[in-house]
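The file structure23.txt contains compact mmCIF, C-alpha atoms and all ligand atoms:
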# COMPACT_ATOMS: atom_id res chain seq x y z
CA MET A 27 1.26 -58.32 -26.92
CA THR A 28 2.74 -61.47 -25.40
CA ASP A 29 1.66 -64.43 -27.44
CA GLN A 30 3.26 -67.70 -28.47
CA SER A 31 1.43 -67.63 -31.80
CA PRO A 32 3.66 -67.65 -34.91
CA LEU A 33 1.45 -64.79 -36.15
CA PHE A 34 3.14 -62.45 -33.69
CA THR A 35 6.76 -63.10 -34.61
CA PRO A 36 8.72 -60.68 -36.80
CA VAL A 37 9.64 -61.50 -40.38
CA ARG A 38 11.49 -59.84 -43.26
CA LEU A 39 10.00 -59.74 -46.74
CA GLY A 40 12.94 -58.63 -48.85
CA ASP A 41 14.09 -55.36 -47.32
CA ILE A 42 10.81 -54.78 -45.48
CA ALA A 43 10.88 -55.68 -41.77
CA LEU A 44 7.48 -56.69 -40.40
CA ALA A 45 6.76 -56.66 -36.66
CA ASN A 46 4.28 -59.52 -37.09
CA ARG A 47 3.01 -61.83 -39.83
CA ILE A 48 -0.43 -60.27 -40.16
CA VAL A 49 -0.78 -58.48 -43.50
CA MET A 50 -3.67 -56.22 -44.44
CA ALA A 51 -4.86 -57.44 -47.86
CA PRO A 52 -5.32 -54.85 -50.63
CA MET A 53 -8.87 -53.53 -50.75
CA THR A 54 -10.33 -51.02 -53.19
CA ARG A 55 -12.51 -48.52 -51.30
CA SER A 56 -13.20 -45.91 -54.02
CA ARG A 57 -12.73 -42.89 -51.82
CA ALA A 58 -10.02 -41.04 -53.77
CA PRO A 59 -11.72 -38.47 -56.04
CA GLY A 60 -9.47 -37.57 -58.95
CA GLY A 61 -7.18 -40.44 -57.97
CA VAL A 62 -5.64 -38.43 -55.11
CA PRO A 63 -5.42 -40.02 -51.63
CA THR A 64 -7.21 -37.96 -48.97
CA ALA A 65 -6.66 -37.20 -45.27
CA LEU A 66 -9.49 -39.65 -44.53
CA MET A 67 -7.54 -42.39 -46.30
CA ALA A 68 -4.46 -41.55 -44.20
CA GLU A 69 -6.62 -41.95 -41.08
CA TYR A 70 -8.05 -45.28 -42.32
CA TYR A 71 -4.63 -46.78 -42.99
CA ALA A 72 -3.11 -45.36 -39.78
CA GLN A 73 -5.92 -47.05 -37.82
CA ARG A 74 -4.69 -50.36 -39.29
CA ALA A 75 -0.94 -49.74 -38.76
CA GLY A 76 -0.80 -52.63 -36.28
CA ALA A 77 -0.51 -54.93 -39.29
CA GLY A 78 2.99 -56.21 -39.95
CA LEU A 79 2.42 -54.87 -43.46
CA ILE A 80 -0.40 -52.99 -45.16
CA VAL A 81 -0.90 -53.57 -48.88
CA THR A 82 -2.89 -50.59 -50.10
CA GLU A 83 -5.94 -50.70 -52.32
CA GLY A 84 -5.23 -51.10 -56.02
CA THR A 85 -3.52 -47.92 -57.28
CA SER A 86 -3.13 -47.16 -60.97
CA PRO A 87 0.17 -46.46 -62.72
CA SER A 88 -1.59 -44.55 -65.51
CA ALA A 89 -4.76 -42.57 -66.36
CA ASN A 90 -6.21 -45.40 -68.45
CA GLY A 91 -5.83 -47.84 -65.55
CA LEU A 92 -8.30 -46.03 -63.27
CA GLY A 93 -11.22 -48.19 -64.43
CA TYR A 94 -13.31 -47.91 -61.26
CA THR A 95 -14.76 -44.71 -59.84
CA ASP A 96 -12.54 -42.80 -57.42
CA ILE A 97 -9.68 -45.28 -57.13
CA PRO A 98 -6.25 -43.78 -56.46
CA GLY A 99 -3.29 -43.41 -58.79
CA LEU A 100 0.43 -42.99 -58.45
CA PHE A 101 1.34 -40.97 -61.52
CA THR A 102 0.92 -37.24 -60.72
CA PRO A 103 2.62 -34.97 -58.15
CA ALA A 104 -0.70 -34.53 -56.29
CA MET A 105 -1.10 -38.30 -56.01
CA VAL A 106 2.44 -38.63 -54.67
CA GLU A 107 1.71 -35.94 -52.06
CA GLY A 108 -1.49 -37.73 -51.05
CA TRP A 109 0.38 -41.00 -50.58
CA ARG A 110 3.13 -39.18 -48.66
CA ALA A 111 0.58 -38.21 -45.99
CA VAL A 112 -0.65 -41.83 -45.87
CA ALA A 113 2.90 -43.17 -45.51
CA GLN A 114 3.71 -40.67 -42.77
CA ALA A 115 0.56 -41.50 -40.82
CA VAL A 116 1.25 -45.25 -40.98
CA HIS A 117 4.95 -44.90 -40.16
CA ALA A 118 4.16 -42.62 -37.21
CA LYS A 119 2.33 -45.58 -35.71
CA GLY A 120 5.16 -48.02 -36.46
CA GLY A 121 3.51 -49.68 -39.45
CA ARG A 122 4.79 -50.66 -42.89
CA ILE A 123 2.91 -50.02 -46.12
CA VAL A 124 3.38 -50.89 -49.79
CA ALA A 125 1.24 -49.63 -52.67
CA GLN A 126 -0.57 -52.23 -54.74
CA VAL A 127 -0.02 -51.14 -58.34
CA MET A 128 -3.16 -52.09 -60.25
CA HIS A 129 -3.97 -51.33 -63.87
CA THR A 130 -7.60 -52.30 -64.46
CA GLY A 131 -7.14 -52.94 -68.21
CA ARG A 132 -10.41 -54.07 -69.82
CA ILE A 133 -12.22 -54.00 -66.45
CA GLY A 134 -13.22 -50.35 -66.57
CA HIS A 135 -15.39 -47.79 -68.25
CA PRO A 136 -14.61 -44.52 -70.07
CA ASP A 137 -17.20 -42.85 -67.80
CA ASN A 138 -14.88 -43.55 -64.87
CA MET A 139 -11.78 -42.25 -66.69
CA GLY A 140 -12.80 -38.90 -68.13
CA GLY A 141 -13.66 -40.52 -71.46
CA LEU A 142 -10.35 -42.33 -71.97
CA PRO A 143 -10.70 -45.63 -73.82
CA VAL A 144 -10.49 -48.88 -71.92
CA VAL A 145 -7.44 -50.90 -72.99
CA GLY A 146 -6.54 -54.59 -72.96
CA PRO A 147 -4.32 -57.19 -74.61
CA SER A 148 -6.98 -57.94 -77.25
CA ALA A 149 -10.30 -56.48 -78.37
CA PHE A 150 -12.59 -58.73 -76.31
CA ALA A 151 -14.98 -57.30 -73.76
CA ALA A 152 -15.10 -59.00 -70.38
CA ALA A 153 -18.47 -60.50 -69.51
CA GLY A 154 -20.35 -58.50 -66.92
CA GLN A 155 -20.84 -54.89 -66.03
CA MET A 156 -18.95 -51.98 -64.50
CA PHE A 157 -20.35 -49.61 -61.92
CA THR A 158 -20.39 -45.99 -63.16
CA ALA A 159 -21.80 -42.72 -61.82
CA THR A 160 -24.91 -43.30 -63.94
CA GLY A 161 -25.39 -46.95 -63.01
CA PRO A 162 -23.98 -50.30 -64.13
CA LYS A 163 -22.87 -50.53 -67.78
CA ASP A 164 -21.56 -53.41 -69.90
CA HIS A 165 -17.80 -53.70 -70.03
CA PRO A 166 -16.74 -52.04 -73.30
CA VAL A 167 -14.66 -53.73 -75.97
CA PRO A 168 -11.12 -52.63 -75.05
CA HIS A 169 -8.67 -51.02 -77.42
CA ALA A 170 -6.04 -53.68 -78.15
CA LEU A 171 -2.77 -52.16 -76.97
CA THR A 172 -0.08 -51.68 -79.60
CA GLU A 173 3.44 -52.90 -78.84
CA ALA A 174 4.57 -49.30 -78.33
CA GLU A 175 1.69 -48.72 -75.90
CA ILE A 176 2.60 -51.88 -74.00
CA GLU A 177 6.19 -50.72 -73.65
CA ALA A 178 4.98 -47.32 -72.42
CA LEU A 179 2.80 -49.06 -69.84
CA VAL A 180 5.73 -51.12 -68.58
CA ALA A 181 7.58 -47.82 -68.11
CA ASP A 182 4.52 -46.50 -66.22
CA TYR A 183 4.78 -49.41 -63.77
CA ALA A 184 8.43 -48.49 -63.14
CA ALA A 185 7.50 -44.84 -62.66
CA ALA A 186 4.74 -45.82 -60.21
CA ALA A 187 7.29 -47.80 -58.19
CA ARG A 188 9.65 -44.80 -58.14
CA ASN A 189 6.74 -42.57 -57.11
CA ALA A 190 5.83 -44.97 -54.29
CA VAL A 191 9.35 -44.68 -52.90
CA ALA A 192 9.35 -40.91 -53.45
CA ALA A 193 6.13 -40.75 -51.41
CA GLY A 194 7.84 -42.57 -48.55
CA LEU A 195 6.00 -45.88 -48.99
CA ASP A 196 7.96 -49.06 -48.21
CA GLY A 197 7.58 -50.55 -51.67
CA VAL A 198 5.04 -51.88 -54.14
CA GLU A 199 3.04 -54.99 -54.95
CA LEU A 200 2.43 -55.71 -58.63
CA HIS A 201 -1.23 -56.69 -58.95
CA ALA A 202 -1.16 -59.61 -61.37
CA ALA A 203 -4.28 -61.25 -59.87
CA ASN A 204 -8.07 -61.05 -60.07
CA GLY A 205 -8.49 -60.36 -63.77
CA TYR A 206 -6.80 -56.96 -64.10
CA LEU A 207 -4.37 -56.04 -66.87
CA PRO A 208 -1.40 -58.34 -66.12
CA ASN A 209 -3.81 -61.24 -65.44
CA GLN A 210 -5.57 -60.40 -68.75
CA PHE A 211 -2.27 -60.82 -70.56
CA LEU A 212 -1.79 -64.20 -68.86
CA ALA A 213 -5.22 -65.54 -69.79
CA PRO A 214 -5.87 -67.04 -73.25
CA ASN A 215 -9.50 -65.86 -73.26
CA ALA A 216 -8.40 -62.22 -72.87
CA ASN A 217 -5.14 -62.38 -74.84
CA THR A 218 -5.25 -63.70 -78.40
CA ARG A 219 -2.25 -61.68 -79.57
CA THR A 220 0.12 -63.23 -82.04
CA ASP A 221 3.10 -60.99 -81.31
CA ARG A 222 5.65 -61.52 -78.52
CA TRP A 223 3.11 -60.39 -75.88
CA GLY A 224 0.92 -63.42 -76.59
CA GLY A 225 0.69 -66.47 -78.83
CA ASN A 226 1.93 -69.03 -76.31
CA ILE A 227 2.55 -69.35 -72.59
CA GLU A 228 5.89 -67.55 -72.80
CA GLY A 229 4.27 -64.69 -74.68
CA ARG A 230 1.27 -64.46 -72.36
CA ALA A 231 3.54 -64.33 -69.30
CA ARG A 232 5.81 -61.65 -70.80
CA PHE A 233 3.85 -58.62 -69.60
CA VAL A 234 3.70 -59.76 -65.96
CA LEU A 235 7.43 -60.43 -65.96
CA ALA A 236 8.28 -57.22 -67.84
CA ALA A 237 6.28 -55.13 -65.37
CA LEU A 238 7.91 -56.92 -62.42
CA ASP A 239 11.40 -56.56 -63.89
CA ALA A 240 10.81 -52.86 -64.58
CA MET A 241 9.67 -52.23 -61.02
CA VAL A 242 12.59 -54.18 -59.57
CA ALA A 243 15.03 -52.25 -61.76
CA ALA A 244 13.42 -49.01 -60.59
CA ILE A 245 13.50 -49.49 -56.80
CA GLY A 246 15.35 -52.73 -56.07
CA PRO A 247 14.16 -56.30 -55.49
CA GLY A 248 13.79 -55.91 -51.74
CA HIS A 249 10.89 -53.52 -52.14
CA VAL A 250 8.80 -55.25 -54.82
CA GLY A 251 6.25 -58.02 -54.37
CA ILE A 252 3.75 -59.59 -56.75
CA ARG A 253 0.19 -60.83 -56.28
CA LEU A 254 -1.26 -63.77 -58.20
CA SER A 255 -4.59 -65.62 -57.99
CA PRO A 256 -4.13 -68.87 -59.93
CA GLY A 257 -7.48 -70.29 -60.95
CA ASN A 258 -9.58 -67.33 -59.82
CA PRO A 259 -12.21 -66.79 -62.56
CA PHE A 260 -13.08 -63.31 -61.25
CA ASN A 261 -13.49 -60.68 -64.00
CA ASP A 262 -14.04 -63.31 -66.69
CA ILE A 263 -10.64 -65.02 -66.63
CA ARG A 264 -10.45 -68.51 -68.16
CA ASP A 265 -7.41 -70.66 -68.83
CA GLU A 266 -7.79 -74.28 -69.93
CA ALA A 267 -4.03 -74.74 -69.48
CA LEU A 268 -3.91 -73.19 -66.03
CA GLU A 269 -1.32 -75.52 -64.56
CA ALA A 270 1.06 -75.07 -67.49
CA THR A 271 0.63 -71.29 -67.44
CA TYR A 272 1.52 -71.02 -63.77
CA ALA A 273 4.24 -73.67 -63.95
CA HIS A 274 5.98 -71.45 -66.50
CA LEU A 275 5.32 -68.27 -64.55
CA PHE A 276 6.51 -69.75 -61.25
CA ALA A 277 9.64 -71.13 -62.91
CA GLU A 278 10.40 -67.65 -64.29
CA LEU A 279 9.68 -66.04 -60.92
CA GLY A 280 11.97 -68.60 -59.27
CA ARG A 281 14.84 -67.21 -61.35
CA ARG A 282 14.20 -63.67 -60.13
CA ASP A 283 14.88 -61.74 -56.97
CA PHE A 284 11.93 -59.93 -55.36
CA ALA A 285 10.51 -59.39 -51.88
CA PHE A 286 7.39 -61.59 -51.75
CA LEU A 287 4.75 -63.51 -53.66
CA HIS A 288 1.20 -62.90 -52.43
CA LEU A 289 -1.23 -65.70 -53.35
CA PHE A 290 -4.97 -65.21 -53.22
CA GLY A 291 -7.12 -68.32 -53.31
CA THR A 292 -6.67 -71.33 -55.54
CA GLN A 293 -8.73 -73.52 -57.76
CA PRO A 294 -9.73 -76.83 -56.16
CA GLY A 295 -7.38 -79.58 -57.28
CA PHE A 296 -4.78 -77.15 -58.55
CA ASP A 297 -1.66 -77.71 -56.49
CA VAL A 298 -0.30 -74.21 -55.93
CA PRO A 299 1.93 -75.14 -52.97
CA ALA A 300 3.66 -77.73 -55.17
CA LEU A 301 4.19 -75.14 -57.90
CA ALA A 302 5.28 -72.58 -55.36
CA ALA A 303 7.97 -75.02 -54.21
CA ARG A 304 9.80 -73.89 -57.35
CA LEU A 305 10.17 -70.55 -55.64
CA ALA A 306 12.84 -71.72 -53.23
CA GLY A 307 13.63 -69.05 -50.70
CA LYS A 308 10.82 -66.71 -51.74
CA ALA A 309 8.55 -65.40 -49.03
CA LEU A 310 4.89 -66.26 -49.60
CA ILE A 311 1.94 -64.26 -48.27
CA LEU A 312 -1.18 -66.43 -48.22
CA ASN A 313 -4.71 -65.00 -48.38
CA GLY A 314 -8.34 -66.02 -48.64
CA GLY A 315 -10.77 -66.79 -45.82
CA TYR A 316 -8.20 -67.01 -43.03
CA ASP A 317 -9.00 -66.96 -39.33
CA ARG A 318 -6.44 -67.18 -36.55
CA ASP A 319 -6.39 -70.97 -36.28
CA ARG A 320 -5.95 -71.61 -39.98
CA ALA A 321 -3.33 -68.85 -40.20
CA GLU A 322 -1.33 -70.38 -37.38
CA ALA A 323 -1.61 -73.86 -38.86
CA ASP A 324 -0.30 -72.70 -42.25
CA LEU A 325 2.54 -70.68 -40.69
CA ALA A 326 3.49 -73.57 -38.42
CA ALA A 327 3.52 -75.93 -41.43
CA GLY A 328 5.85 -73.56 -43.27
CA ARG A 329 3.37 -72.96 -46.09
CA GLY A 330 3.87 -69.20 -45.98
CA ALA A 331 5.81 -66.39 -44.30
CA ALA A 332 2.77 -64.25 -43.54
CA ILE A 333 -1.03 -64.30 -43.82
CA ALA A 334 -3.14 -61.54 -45.36
CA PHE A 335 -6.57 -60.69 -43.97
CA GLY A 336 -9.06 -58.76 -46.10
CA THR A 337 -12.62 -58.21 -44.92
CA SER A 338 -11.71 -58.92 -41.28
CA PHE A 339 -9.11 -56.13 -41.38
CA LEU A 340 -11.52 -53.80 -43.17
CA ALA A 341 -14.00 -54.18 -40.30
CA ASN A 342 -11.47 -54.41 -37.44
CA PRO A 343 -8.84 -51.68 -37.32
CA ASP A 344 -7.26 -53.42 -34.32
CA LEU A 345 -7.36 -56.89 -35.92
CA PRO A 346 -3.90 -57.98 -34.62
CA GLU A 347 -4.92 -57.20 -31.06
CA ARG A 348 -8.25 -58.94 -31.48
CA LEU A 349 -6.55 -62.03 -32.93
CA ALA A 350 -4.03 -62.03 -30.07
CA ARG A 351 -6.82 -61.93 -27.50
CA ARG A 352 -9.18 -64.18 -29.46
CA ALA A 353 -11.68 -61.34 -29.16
CA PRO A 354 -14.84 -61.27 -31.27
CA LEU A 355 -14.63 -59.48 -34.63
CA ASN A 356 -16.86 -56.72 -36.00
CA PRO A 357 -18.73 -57.98 -39.09
CA PRO A 358 -17.96 -56.12 -42.33
CA ASP A 359 -20.71 -53.98 -43.87
CA SER A 360 -20.55 -54.67 -47.60
CA ALA A 361 -22.91 -51.77 -48.41
CA SER A 362 -20.14 -49.31 -47.49
CA PHE A 363 -17.21 -51.13 -49.14
CA TYR A 364 -17.02 -48.81 -52.16
CA GLY A 365 -17.41 -45.04 -52.14
CA GLY A 366 -18.82 -42.69 -49.53
CA GLY A 367 -17.03 -41.16 -46.58
CA ALA A 368 -16.17 -42.12 -43.01
CA LYS A 369 -19.19 -44.38 -42.52
CA GLY A 370 -18.11 -48.01 -42.86
CA TYR A 371 -14.55 -46.79 -43.37
CA THR A 372 -12.98 -45.11 -40.36
CA ASP A 373 -15.81 -45.66 -37.87
CA TYR A 374 -15.44 -49.39 -37.09
CA PRO A 375 -14.92 -49.64 -33.32
CA THR A 376 -11.75 -50.95 -31.67
CA LEU A 377 -11.87 -53.09 -28.52
CA ALA A 378 -10.87 -50.01 -26.56
CA ALA A 379 -13.55 -47.79 -28.10
C1 LIG B 401 -13.94 -54.35 -50.68
C2 LIG B 401 -12.87 -55.20 -51.27
C3 LIG B 401 -11.97 -54.65 -52.17
C4 LIG B 401 -10.93 -55.43 -52.72
N1 LIG B 401 -10.02 -54.82 -53.54
C5 LIG B 401 -8.92 -55.50 -53.93
C6 LIG B 401 -7.87 -54.84 -54.61
O1 LIG B 401 -7.89 -53.61 -54.86
N2 LIG B 401 -6.80 -55.58 -54.99
C7 LIG B 401 -6.72 -56.91 -54.72
O2 LIG B 401 -5.73 -57.56 -55.07
N3 LIG B 401 -7.69 -57.58 -54.05
C8 LIG B 401 -8.77 -56.88 -53.62
N4 LIG B 401 -9.72 -57.52 -52.86
C9 LIG B 401 -9.51 -58.91 -52.44
C10 LIG B 401 -8.85 -58.96 -51.06
O3 LIG B 401 -7.52 -58.49 -51.12
C11 LIG B 401 -8.80 -60.39 -50.51
O4 LIG B 401 -8.09 -61.19 -51.43
C12 LIG B 401 -10.17 -60.99 -50.28
O5 LIG B 401 -10.98 -60.11 -49.50
C13 LIG B 401 -10.07 -62.34 -49.57
O6 LIG B 401 -9.47 -62.21 -48.29
P1 LIG B 401 -10.39 -62.36 -46.96
O7 LIG B 401 -11.07 -63.71 -47.08
O8 LIG B 401 -9.45 -62.28 -45.82
O9 LIG B 401 -11.38 -61.23 -47.01
C14 LIG B 401 -10.79 -56.78 -52.35
C15 LIG B 401 -11.70 -57.34 -51.45
C16 LIG B 401 -12.72 -56.58 -50.90
C17 LIG B 401 -13.65 -57.19 -49.88

For the structure just supplied, provide its representation as structure tokens.
Ligand SMILES: Cc1cc2nc3c(=O)[nH]c(=O)nc-3n(C[C@H](O)[C@H](O)[C@H](O)COP(=O)(O)O)c2cc1C
Amino acid sequence: MTDQSPLFTPVRLGDIALANRIVMAPMTRSRAPGGVPTALMAEYYAQRAGAGLIVTEGTSPSANGLGYTDIPGLFTPAMVEGWRAVAQAVHAKGGRIVAQVMHTGRIGHPDNMGGLPVVGPSAFAAAGQMFTATGPKDHPVPHALTEAEIEALVADYAAAARNAVAAGLDGVELHAANGYLPNQFLAPNANTRTDRWGGNIEGRARFVLAALDAMVAAIGPGHVGIRLSPGNPFNDIRDEALEATYAHLFAELGRRDFAFLHLFGTQPGFDVPALAARLAGKALILNGGYDRDRAEADLAAGRGAAIAFGTSFLANPDLPERLARRAPLNPPDSASFYGGGAKGYTDYPTLAA
């Protein structure tokens, strides 16, 4: 691919060397029965190995973090073996792949977790419903995690990072965005704890930082990234002191060594680039509604090191080639996003097909 576009230049995120700056955004596809990645998943990710980096679908560090039906985990030997086949398939095509470690917290349902209780920072149900095998059901009131349970979960994040490396993946991304467990700890409407895991901004940020620190200690800073979505109300997240929350978090992140910060979307009027300036030297991955022109403009302006593409990568296994040629894109079929088999998963055509 000969192209003058900054999208097609190599970049390093920590210890991970990317051939281009096109990242595949993490996307839950609910095709891993029992939490174990399948051969079909290996094929799906290998089809998209032209990305500079693939961030996998959200993958749970523990049994009570598998809140959606058929999402994968990274906490049993069978799961590690499943991911090993995915890593091998992607590496065989020259790609790089990190696991997004996602604990769903209060966004889940016991029906999806073999009856295990849903957990969260505090005993408040999220507004809205969860898809289950027997239809949509209200989010349950979560069990408020005890301090000992929180510490065990932090250890689970570290174990998931070790398992990712054992499976041959290139690292992990801590999912602290979109209203899942770490984001629940950050948000005052989901976290009303009065112990050191809540109470004020420092307390609410403690879980995110503890999970990140544990993962970094487990596999090294060059292989660990973190995803945040400041201002995204998805999954019933509200924070009246948003700017102060993220100012504190970004200042703490600025003191730490890790591979990349992946930012999804922002609230209008909330100046994330200015806050992110506190993260001197950190590589940013930007995401949310990007096309080639906007991606190139943001890279050229130095706003980020790489750009993540979600739905366009889902529907276009050869997205980098299509962007390079300014070729038309297949539209995504939202009816086949979650669950099912090859249809709407591995059967999107390439330009060559
Ligand atoms: C089907 C689907 C599943 C998603 N699952 C996840 C996920 O597991 N973890 C995550 O951080 N974001 C998830 N997202 C959000 C995407 O990573 C991305 O932020 C979003 O699609 C916006 O990027 P885009 O405009 O390029 O599509 C999902 C999005 C879609 C469409």

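With only C-alpha atoms as the atoms that count, the residue of A:Val145, A:Ala326, A:Ala43, A:Arg55 with the shortest distance to Gly366 of chain A is A:Arg55.
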
- Message: As an exercise, work out the distance from atom CA of Ala273 of chain A to atom CA of Ala302 of chain A in Å and give it to one decimal place.
- Response: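 So the two atoms, atom CA of Ala273 of chain A and atom CA of Ala302 of chain A, lie 8.7 Å apart.
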
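Atom CA of Lys119 of chain A to atom CA of His201 of chain A spans 26.0 Å [interatomic distance, one decimal].
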
- Message: So that I can check the surroundings of Ala285 of chain A, please list as a count of residues only every protein, DNA and RNA residue that reaches within 10 Å of it, counting all atoms listed in the file and ignoring chain neighbours fewer than 5 positions away.
- Response: 19

- Query: So how far away is atom CA of Val180 of chain A from atom CA of Thr54 of chain A, in Å?
  - Reply: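 According to the coordinates, atom CA of Thr54 of chain A and atom CA of Val180 of chain A are separated by 22.2 Å.
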
- Query: Skipping near chain neighbours, those fewer than 5 positions away, what residues fall within 9 Å of Gly93 of chain A using all atoms listed in the file, listed as a PyMOL selection string?
  - Reply: chain A and resi 86+129-139+144+156

- Task: Identify which of the residues A:Ala113, A:Ala334, A:Ala170, A:Leu325 lies closest to ligand LIG 401 (chain B), counting all atoms listed in the file when measuring atom-to-atom distances.
- Result: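 Between A:Ala113, A:Ala334, A:Ala170, A:Leu325, the residue approaching ligand LIG 401 (chain B) most closely is A:Ala334.
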
- Task: Kindly work out which residues sit at most 10 Å from ligand LIG 401 (chain B), using only C-alpha atoms and all ligand atoms, and give the list as a count of residues only.
- Result: 55
